[in-house]
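K.L.:
Before anything else, here's the structure in question.
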Amino acid sequence: TKEAFDRVEKLDGDVQAFLALNKEQATAKAAELDKVPFEERGPLFGLPIGVKDNIVTEGLETTCASKILEGFVPIYDATIVKKLRDAGMVTIGKLNMDEFAMGSSNENSAFKTTKNPWNTKHVPGGSSGASAAAVAAGEVPFSLGSDTGGSIRQPAAYCGVVGMKPTYGRVSRFGLVAFASSLDQIGPITRNVTDNALLLEAISGVDEMDSTSADVPVPNYAAALDGNIKGLKIAVPKEFLGEGVGEAAKQSILDALEVLKAQGATVEEVSLPHSKYALAAYYILSSSEASSNLSRFDGIRYGYRTDNAKNLLELYKNTRAEGFGDEVKRRIMLGTYSLSAGTYDAYYKKAQQVRTLIKQDYDKVFENYDVIIGPTAPTPAFEIGANVDDPLTMYANDILTIPINLAGVPAISIPCGFENGLPLGLQIIGKHFDEETLYRVAYAYE
Ligand code: GLN
């Protein structure tokens with residue numbers, strides 16, 4: 001814990017990952033843990049972790065990197081924060097993000113832009129950009145992110161670390177500030193696959209506080225790390241190596257497949273024909289859910305309240321106008337429109353139907369294959385400022401990660417090469433609740 005705070009002090013002026021530090025409490029906690037006998041200590045005992053700022057932490061400010069939650073100090077812990085505590089981990093602070101997890105670069109934070117530690121002119125990715133950057137910079141060995149359309153995997157790829165988006169329902173969302181409830185999942189970001197497997201095991205499991213958490217036994221993921229992938233059947237969707245994907249990203253995947261083949265896996269090309277509709281369906285569905293979820297930020301219940309209101313309606317309106325950033329407003333408007341009586345059938349309902357088709361594409365491939373492999377993102381991290389005025393280009397960054405959330409299946413991003421000194425990510429996608437196989441393959445490659 002002390003080392004983590006020392007590293008933060010030394011590096012965070014450049015990286016800008018932390019929004020809040022928990023120094024006093026964490027130091028006291030670490031001292032207390034020192035007294036626990038060795039035989040009672042698990043594999044994660046005493047280790048420091050950073051938590052994305054959309055996960056509520058009792059007594060520690062939680063803002064979702066939004067002005068509208070500035071000063072909001074939760075009175076309870078998210079279920080996973082309790083689980084970290086049960087594992088003997090020490091939460092050292094809260095990590096920057098795109099406001100309410102909407103974005104791919106951390107540039108949508110109301111407070112600061114986190115930098116990519118490999119090259120501070122570049123973004124760390126997003127929305128869990130700081131969760132990945134803090135691990136890549138060695139400020140913390142572990143962090144938690146959330147992934148609605150790629151927000152764990154894309155920053156993990158951009159920062160050269162390991163990020164897992166578990167199966168929908170694997171990890172409790174109680175205490176995760178909702179963006180799009182049918183897509184959101186919390187997951188671990190770490191330096192290597194073993195750490196990741198240990199952390200996922202610690203945070204997984206059914207929770208009576210989240211009715212969408214699944215009552216499926218939690219395996220000992222670390223036991224799957226035996227390096228044996230003989231006979232493993234890998235599918236490579238042609239859509240994932242097609243137009244728009246950079247040459248270096250493509251080549252790094254082809255090279256990785258050779259490494260896996262040499263260990264006894266077989267590789268075949270498949271098609272996920274509805275992939276091209278994923279981005280459109282995602283932005284309708286996630287914005288619709290966000291427009292509903294974010295209606296609770298009204299100036300009465302949480303955080304920021306405008307000074308400038310003559311009546312209740314003005315209080316709502318001005319609080320939201322002043323408190324939310326542009327991207328959040330864009331999505332609330334888009335979502336409200338899609339859910340309106342006159343447009344619901346043409347947009348929201350249609351997007352739900354497309355979502356089912358996408359899920360069926362995945363189900364079909366998984367009838368014959370163990371995993372699907374492709375790049376995590378089309379390119380390495382872009383320069384800060386390069387896409388800020390162009391939301392559609394920014395959205396296209398997530399084209400390879402979004403379909404996975406729509407299908408609800410798990411996927412992991414692991415480092416697999418470099419382009420111009422910036423890391424590239426390999427994405428391994430699996431069947432529902434088969435994170436074990438993802439770790440097995442990731443470990444065999446690593
Ligand atoms: N970048 C995507 C978006 O802006 C995904 C975000 C996420 O996974 N939270 O919605």
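Chain lettering (A, B, ...) mirrors the order of the structure tokens, residue numbering begins at 1 for each chain separately, and ligand numbering begins at 1 in order of display.
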Can you list, as a ChimeraX atom specification, every protein, DNA or RNA residue that comes within 9 Å of A:Ala178 when you count only C-alpha atoms, leaving out same-chain residues fewer than 2 positions away?

P.N.:
/A:54,100,173,175-176,180-181,184,289-290,293-294

K.L.:
Set the cut-off to 6 Å, count only C-alpha atoms and all ligand atoms, and list whatever residues fall near ligand 1 as an MDAnalysis selection string.

P.N.:
chainID A and resid 101:104 127 147:151 398

K.L.:
Using only C-alpha atoms, which of A:Tyr304, A:Phe45, A:Phe18, A:Tyr369 sits nearest A:Lys112?

P.N.:
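Counting only C-alpha atoms, the residue closest to A:Lys112 is A:Phe18.
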
K.L.:
What parts of stretch 207-349 of chain A does DSSP call strand (DSSP E)? I'd like the answer as a VMD selection string.

P.N.:
chain A and resid 233 to 237 266 to 270

K.L.:
So how far away is atom CA of A:Lys276 from atom CA of A:Ile399, in Å?

P.N.:
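Atom CA of A:Ile399 sits 8.5 Å away from atom CA of A:Lys276.
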
K.L.:
Which residues, written as a list of chain:residue names, have at least one atom at most 7 Å from stretch 192-203 of chain A, with only C-alpha atoms counted and residues fewer than 5 positions away on the same chain left out?

P.N.:
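Skipping anything fewer than 5 positions along the chain leaves A:Ile80, A:Lys83, A:Leu84, A:Ala87, A:Val161, A:Val162, A:Val171, A:Gly187, A:Val218, A:Asn220, A:Tyr221, A:Ala222, A:Tyr439, A:Ala442, A:Tyr443.
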
K.L.:
Please list as a ChimeraX atom specification every residue within 12 Å of stretch 360-362 of chain A, counting only C-alpha atoms and excluding residues in the same chain fewer than 6 positions away.

P.N.:
/A:235-237,270-276,278,353-354,368-372,403-410,429-432

K.L.:
Here is a test: counting only C-alpha atoms, which residue of A:Ile229, A:Gly160, A:Val73, A:Arg153 is nearest to A:Arg191?

P.N.:
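Answer, going by the shortest atom-to-atom distance: A:Gly160.
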
K.L.:
Show which residues sit within 8 Å of stretch 134-137 of chain A, as a ChimeraX atom specification. Count only C-alpha atoms, and ignore same-chain residues fewer than 4 positions away.

P.N.:
/A:11,15,17,50,117,130,141-143,159-161,189-191

K.L.:
Let's see if you can do this: from backbone DSSP, list all helix (DSSP H, G or I) residues in stretch 203-339 of chain A, as a PyMOL selection string.

P.N.:
chain A and resi 203+221-224+238-241+247-262+273-296+312-323+326-338

K.L.:
Pick out the closest residue to A:Pro415 from this set: A:Glu446, A:Asp207, A:Glu70, A:Glu268. Count only C-alpha atoms.

P.N.:
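Nearest to A:Pro415: A:Glu446.
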
K.L.:
If we count only C-alpha atoms and set the cut-off at 12 Å, which residues sit around A:Arg301, ignoring sequence neighbours fewer than 2 positions away in its own chain? Please answer as number ranges by chain.

P.N.:
A: 68-69, 72, 74, 294-299, 303-305, 316, 319

K.L.:
At a cut-off of 12 Å, using only C-alpha atoms, what residues contact A:Ser340? Leave out same-chain residues fewer than 5 positions from it and give the result as an mmCIF file with all heavy atoms, in the first residue's frame.

P.N.:
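Generated output (result_33.cif):
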```cif
data_model
loop_
_atom_site.group_PDB
_atom_site.id
_atom_site.type_symbol
_atom_site.label_atom_id
_atom_site.label_comp_id
_atom_site.auth_asym_id
_atom_site.auth_seq_id
_atom_site.Cartn_x
_atom_site.Cartn_y
_atom_site.Cartn_z
ATOM 1 N N SER A 288 -30.854 4.632 -24.763
ATOM 2 C CA SER A 288 -32.215 4.536 -24.214
ATOM 3 C C SER A 288 -32.151 4.202 -22.732
ATOM 4 O O SER A 288 -32.802 4.839 -21.900
ATOM 5 C CB SER A 288 -33.018 3.450 -24.946
ATOM 6 O OG SER A 288 -33.156 3.782 -26.303
ATOM 7 N N SER A 291 -30.848 7.134 -20.740
ATOM 8 C CA SER A 291 -31.773 8.262 -20.564
ATOM 9 C C SER A 291 -32.705 7.986 -19.390
ATOM 10 O O SER A 291 -33.080 8.890 -18.652
ATOM 11 C CB SER A 291 -32.560 8.531 -21.847
ATOM 12 O OG SER A 291 -33.542 7.539 -22.055
ATOM 13 N N SER A 292 -33.052 6.721 -19.202
ATOM 14 C CA SER A 292 -33.892 6.347 -18.076
ATOM 15 C C SER A 292 -33.082 6.318 -16.772
ATOM 16 O O SER A 292 -33.464 6.928 -15.773
ATOM 17 C CB SER A 292 -34.510 4.977 -18.388
ATOM 18 O OG SER A 292 -35.118 4.444 -17.264
ATOM 19 N N MET A 333 -30.570 12.726 -24.913
ATOM 20 C CA MET A 333 -31.520 13.182 -25.945
ATOM 21 C C MET A 333 -31.808 12.068 -26.947
ATOM 22 O O MET A 333 -32.962 11.802 -27.298
ATOM 23 C CB MET A 333 -30.972 14.427 -26.647
ATOM 24 C CG MET A 333 -31.058 15.655 -25.752
ATOM 25 S SD MET A 333 -30.704 17.178 -26.616
ATOM 26 C CE MET A 333 -28.926 17.185 -26.550
ATOM 27 N N LEU A 334 -30.747 11.386 -27.388
ATOM 28 C CA LEU A 334 -30.912 10.292 -28.346
ATOM 29 C C LEU A 334 -31.785 9.184 -27.747
ATOM 30 O O LEU A 334 -32.695 8.658 -28.405
ATOM 31 C CB LEU A 334 -29.518 9.735 -28.696
ATOM 32 C CG LEU A 334 -29.420 8.654 -29.748
ATOM 33 C CD1 LEU A 334 -29.849 9.185 -31.104
ATOM 34 C CD2 LEU A 334 -27.976 8.135 -29.829
ATOM 35 N N GLY A 335 -31.524 8.849 -26.496
ATOM 36 C CA GLY A 335 -32.266 7.775 -25.834
ATOM 37 C C GLY A 335 -33.711 8.149 -25.590
ATOM 38 O O GLY A 335 -34.616 7.331 -25.793
ATOM 39 N N ASP A 345 -41.095 1.985 -31.858
ATOM 40 C CA ASP A 345 -41.084 0.795 -32.718
ATOM 41 C C ASP A 345 -39.959 0.837 -33.748
ATOM 42 O O ASP A 345 -39.316 -0.164 -34.020
ATOM 43 C CB ASP A 345 -42.422 0.650 -33.453
ATOM 44 C CG ASP A 345 -43.500 0.103 -32.523
ATOM 45 O OD1 ASP A 345 -43.152 -0.307 -31.393
ATOM 46 O OD2 ASP A 345 -44.682 0.101 -32.926
ATOM 47 N N ALA A 346 -39.750 2.030 -34.302
ATOM 48 C CA ALA A 346 -38.760 2.147 -35.380
ATOM 49 C C ALA A 346 -37.328 2.068 -34.848
ATOM 50 O O ALA A 346 -36.424 1.629 -35.567
ATOM 51 C CB ALA A 346 -38.962 3.459 -36.131
ATOM 52 N N TYR A 347 -37.086 2.497 -33.605
ATOM 53 C CA TYR A 347 -35.712 2.523 -33.089
ATOM 54 C C TYR A 347 -35.489 1.523 -31.972
ATOM 55 O O TYR A 347 -34.770 0.538 -32.133
ATOM 56 C CB TYR A 347 -35.353 3.942 -32.634
ATOM 57 C CG TYR A 347 -35.290 4.904 -33.797
ATOM 58 C CD1 TYR A 347 -36.356 5.756 -34.077
ATOM 59 C CD2 TYR A 347 -34.184 4.935 -34.638
ATOM 60 C CE1 TYR A 347 -36.309 6.623 -35.157
ATOM 61 C CE2 TYR A 347 -34.126 5.789 -35.719
ATOM 62 C CZ TYR A 347 -35.190 6.635 -35.971
ATOM 63 O OH TYR A 347 -35.146 7.477 -37.042
ATOM 64 N N TYR A 348 -36.105 1.761 -30.831
ATOM 65 C CA TYR A 348 -35.797 0.912 -29.669
ATOM 66 C C TYR A 348 -36.141 -0.549 -29.938
ATOM 67 O O TYR A 348 -35.309 -1.444 -29.768
ATOM 68 C CB TYR A 348 -36.540 1.417 -28.425
ATOM 69 C CG TYR A 348 -36.195 0.611 -27.198
ATOM 70 C CD1 TYR A 348 -34.957 0.767 -26.565
ATOM 71 C CD2 TYR A 348 -37.076 -0.340 -26.694
ATOM 72 C CE1 TYR A 348 -34.613 0.002 -25.460
ATOM 73 C CE2 TYR A 348 -36.739 -1.103 -25.587
ATOM 74 C CZ TYR A 348 -35.512 -0.930 -24.975
ATOM 75 O OH TYR A 348 -35.175 -1.692 -23.889
ATOM 76 N N LYS A 349 -37.369 -0.777 -30.413
ATOM 77 C CA LYS A 349 -37.798 -2.168 -30.632
ATOM 78 C C LYS A 349 -36.957 -2.831 -31.726
ATOM 79 O O LYS A 349 -36.527 -3.981 -31.592
ATOM 80 C CB LYS A 349 -39.282 -2.171 -31.013
ATOM 81 C CG LYS A 349 -39.877 -3.550 -30.987
ATOM 82 C CD LYS A 349 -41.392 -3.485 -31.086
ATOM 83 C CE LYS A 349 -41.926 -4.829 -31.577
ATOM 84 N NZ LYS A 349 -43.181 -4.664 -32.291
#
```
